[in-house]
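The structure file work-v6.cif is reproduced below (mmCIF, C-alpha atoms).
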data_final
loop_
_atom_site.group_PDB
_atom_site.id
_atom_site.type_symbol
_atom_site.label_atom_id
_atom_site.label_comp_id
_atom_site.auth_asym_id
_atom_site.auth_seq_id
_atom_site.Cartn_x
_atom_site.Cartn_y
_atom_site.Cartn_z
ATOM 1 C CA LEU A 1125 0.000 0.000 0.000
ATOM 2 C CA ASP A 1126 3.054 2.230 0.041
ATOM 3 C CA GLU A 1127 2.957 2.262 -3.790
ATOM 4 C CA HIS A 1128 -0.823 2.658 -4.107
ATOM 5 C CA THR A 1129 -1.684 5.131 -1.377
ATOM 6 C CA GLY A 1130 -5.279 5.508 -2.598
ATOM 7 C CA LEU A 1131 -5.960 1.976 -1.366
ATOM 8 C CA ARG A 1132 -4.835 2.639 2.200
ATOM 9 C CA PRO A 1133 -7.601 2.306 4.796
ATOM 10 C CA MET A 1134 -8.520 5.742 6.084
ATOM 11 C CA ALA A 1135 -11.599 5.405 8.299
ATOM 12 C CA ARG A 1136 -13.084 2.331 9.946
ATOM 13 C CA LEU A 1137 -16.793 2.095 9.233
ATOM 14 C CA TRP A 1138 -17.419 -1.161 11.078
ATOM 15 C CA GLY A 1139 -14.897 -3.546 12.537
ATOM 16 C CA MET A 1140 -11.892 -3.457 14.789
ATOM 17 C CA GLY A 1141 -8.418 -2.087 14.749
ATOM 18 C CA LEU A 1142 -5.640 -3.320 16.976
ATOM 19 C CA PRO A 1143 -1.880 -2.946 16.711
ATOM 20 C CA GLY A 1144 -0.982 -5.187 13.780
ATOM 21 C CA LEU A 1145 -4.585 -5.962 12.775
ATOM 22 C CA ARG A 1146 -7.281 -4.175 10.826
ATOM 23 C CA ALA A 1147 -10.464 -6.157 10.294
ATOM 24 C CA GLY A 1148 -13.786 -4.914 9.012
ATOM 25 C CA HIS A 1149 -15.286 -2.428 6.597
ATOM 26 C CA TYR A 1150 -13.130 0.619 5.857
ATOM 27 C CA LEU A 1151 -13.295 3.732 3.751
ATOM 28 C CA LEU A 1152 -10.156 3.927 1.626
ATOM 29 C CA ARG A 1153 -8.245 7.090 0.757
ATOM 30 C CA ASP A 1154 -9.671 7.009 -2.775
ATOM 31 C CA ARG A 1155 -13.150 7.236 -1.160
ATOM 32 C CA THR A 1156 -14.159 3.671 -2.093
ATOM 33 C CA ARG A 1157 -15.153 1.049 0.449
ATOM 34 C CA ALA A 1158 -13.380 -2.205 1.190
ATOM 35 C CA PHE A 1159 -13.546 -5.134 3.549
ATOM 36 C CA CYS A 1160 -10.085 -5.459 5.078
ATOM 37 C CA LEU A 1161 -8.311 -8.284 6.871
ATOM 38 C CA LEU A 1162 -4.848 -6.801 7.213
ATOM 39 C CA THR A 1163 -1.942 -7.779 9.420
ATOM 40 C CA ARG A 1164 0.636 -5.810 7.432
ATOM 41 C CA MET A 1165 0.666 -3.009 4.885
ATOM 42 C CA ASP A 1166 3.528 -3.986 2.571
ATOM 43 C CA LYS A 1167 2.175 -7.105 0.812
ATOM 44 C CA VAL A 1168 -1.560 -6.748 0.323
ATOM 45 C CA LEU A 1169 -3.744 -8.688 -2.095
ATOM 46 C CA VAL A 1170 -6.482 -6.441 -3.511
ATOM 47 C CA LEU A 1171 -9.473 -8.221 -5.035
ATOM 48 C CA PRO A 1172 -12.200 -6.234 -6.800
ATOM 49 C CA ARG A 1173 -15.819 -7.087 -6.108
ATOM 50 C CA ARG A 1174 -18.644 -6.891 -8.628
ATOM 51 C CA ASP A 1175 -20.300 -4.041 -6.730
ATOM 52 C CA GLY A 1176 -17.237 -1.785 -7.096
ATOM 53 C CA ARG A 1177 -15.913 -2.343 -3.613
ATOM 54 C CA ARG A 1178 -12.713 -4.196 -2.815
ATOM 55 C CA LEU A 1179 -11.413 -6.933 -0.577
ATOM 56 C CA LEU A 1180 -7.968 -6.300 0.958
ATOM 57 C CA LEU A 1181 -6.162 -9.312 2.424
ATOM 58 C CA THR A 1182 -2.695 -10.142 3.710
ATOM 59 C CA PRO A 1183 -2.308 -13.874 3.104
ATOM 60 C CA ALA A 1184 1.028 -15.576 3.793
ATOM 61 C CA ARG A 1185 1.471 -16.294 0.055
ATOM 62 C CA PRO A 1186 -0.553 -13.722 -1.917
ATOM 63 C CA ARG A 1187 0.630 -14.830 -5.382
ATOM 64 C CA ALA A 1188 -0.261 -18.451 -4.655
ATOM 65 C CA LEU A 1189 -3.736 -17.445 -3.449
ATOM 66 C CA LEU A 1190 -4.294 -15.288 -6.525
ATOM 67 C CA ALA A 1191 -3.189 -18.139 -8.812
ATOM 68 C CA ARG A 1192 -5.541 -20.583 -7.067
ATOM 69 C CA LEU A 1193 -8.458 -18.146 -7.311
ATOM 70 C CA ALA A 1194 -7.755 -17.751 -11.038
ATOM 71 C CA GLU A 1195 -7.781 -21.548 -11.442
ATOM 72 C CA LEU A 1196 -11.106 -21.800 -9.634
ATOM 73 C CA ALA A 1197 -12.604 -19.014 -11.742
ATOM 74 C CA GLU A 1198 -11.712 -20.867 -14.940
ATOM 75 C CA ALA A 1199 -12.931 -24.271 -13.739
ATOM 76 C CA PRO A 1200 -16.391 -25.368 -14.905
ATOM 77 C CA MET A 1201 -19.134 -25.300 -12.293
ATOM 78 C CA HIS A 1202 -20.453 -28.707 -11.207
ATOM 79 C CA PRO A 1203 -24.074 -29.025 -10.012
#
Can the structure in the file be given as C-alpha cells, please?
Amino acid sequence: LDEHTGLRPMARLWGMGLPGLRAGHYLLRDRTRAFCLLTRMDKVLVLPRRDGRRLLLTPARPRALLARLAELAEAPMHP
C-alpha cells in the first residue's frame, strides 16, 4: 500500500483495529469502500468485487492465493 496510497484504509466504518490488525469495513483514501483483513501493509492482495468495492487481504502467500483463485474461476461449475 506504500505504492498505491489511494488503497490505504482511512476510516473504519465497522470492525476493529488493533496494533498489527485491521479487520472490518473501511473507507479507503480514494473514497471507495473495502472489507479489510490486514496484518501488514507492505504485501496486500487487492481483489475487486462486482459491486465496485474491494477486498484487501494479507495472506502468507498472496501470489499463490491469486493463482488458485484464477484456477477456480476458470474451472467449470459442477451441479
Checklist entry - Which one is closest to Pro1186 (chain A): A:Lys1167, A:Arg1132, A:Arg1155, A:His1149? Count all atoms listed in the file. => result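 Looking only at the distances to Pro1186 (chain A), the closest residue turns out to be A:Lys1167.
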Assuming 5 Å of padding per side, give the centre and edge lengths of the axis-aligned box around every listed atom of region 1131-1145 of chain A, in Å to one decimal and as lines of an AutoDock Vina configuration file.
center_x = -9.2
center_y = -0.1
center_z = 7.8
size_x = 26.4
size_y = 21.7
size_z = 28.3
Item to check | Straight-line distance linking CA of Thr1163 (chain A) with CA of Gly1144 (chain A), stated in Å to one decimal | outcome: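 So the answer is 5.2 Å.
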Item to check | A:Leu1181, A:Glu1195, A:Leu1189, A:Gly1176 ranked by distance to Arg1164 (chain A), top pick (using all atoms listed in the file) | outcome: A:Leu1181
Checklist entry - Hey, what comes out of the PyMOL selection byres ((chain A and resi 1128) around 12) on this file? Could you write it as a list in words? => result Leu1125, Asp1126, Glu1127, Thr1129, Gly1130, Leu1131, Arg1132, Pro1133, Leu1152, Arg1153, Asp1154, Met1165, Asp1166, Lys1167, Val1168, Leu1169 and Val1170 of chain A
Item to check | Coordinates-based distance that separates CA of Leu1193 (chain A) from CA of Pro1143 (chain A) (Å, one decimal) | outcome: 29.2 Å
Item to check | Top pick for closest residue to Ala1184 (chain A), considering A:Thr1156, A:Tyr1150, A:Leu1162, A:Arg1136 and counting all atoms listed in the file | outcome: A:Leu1162
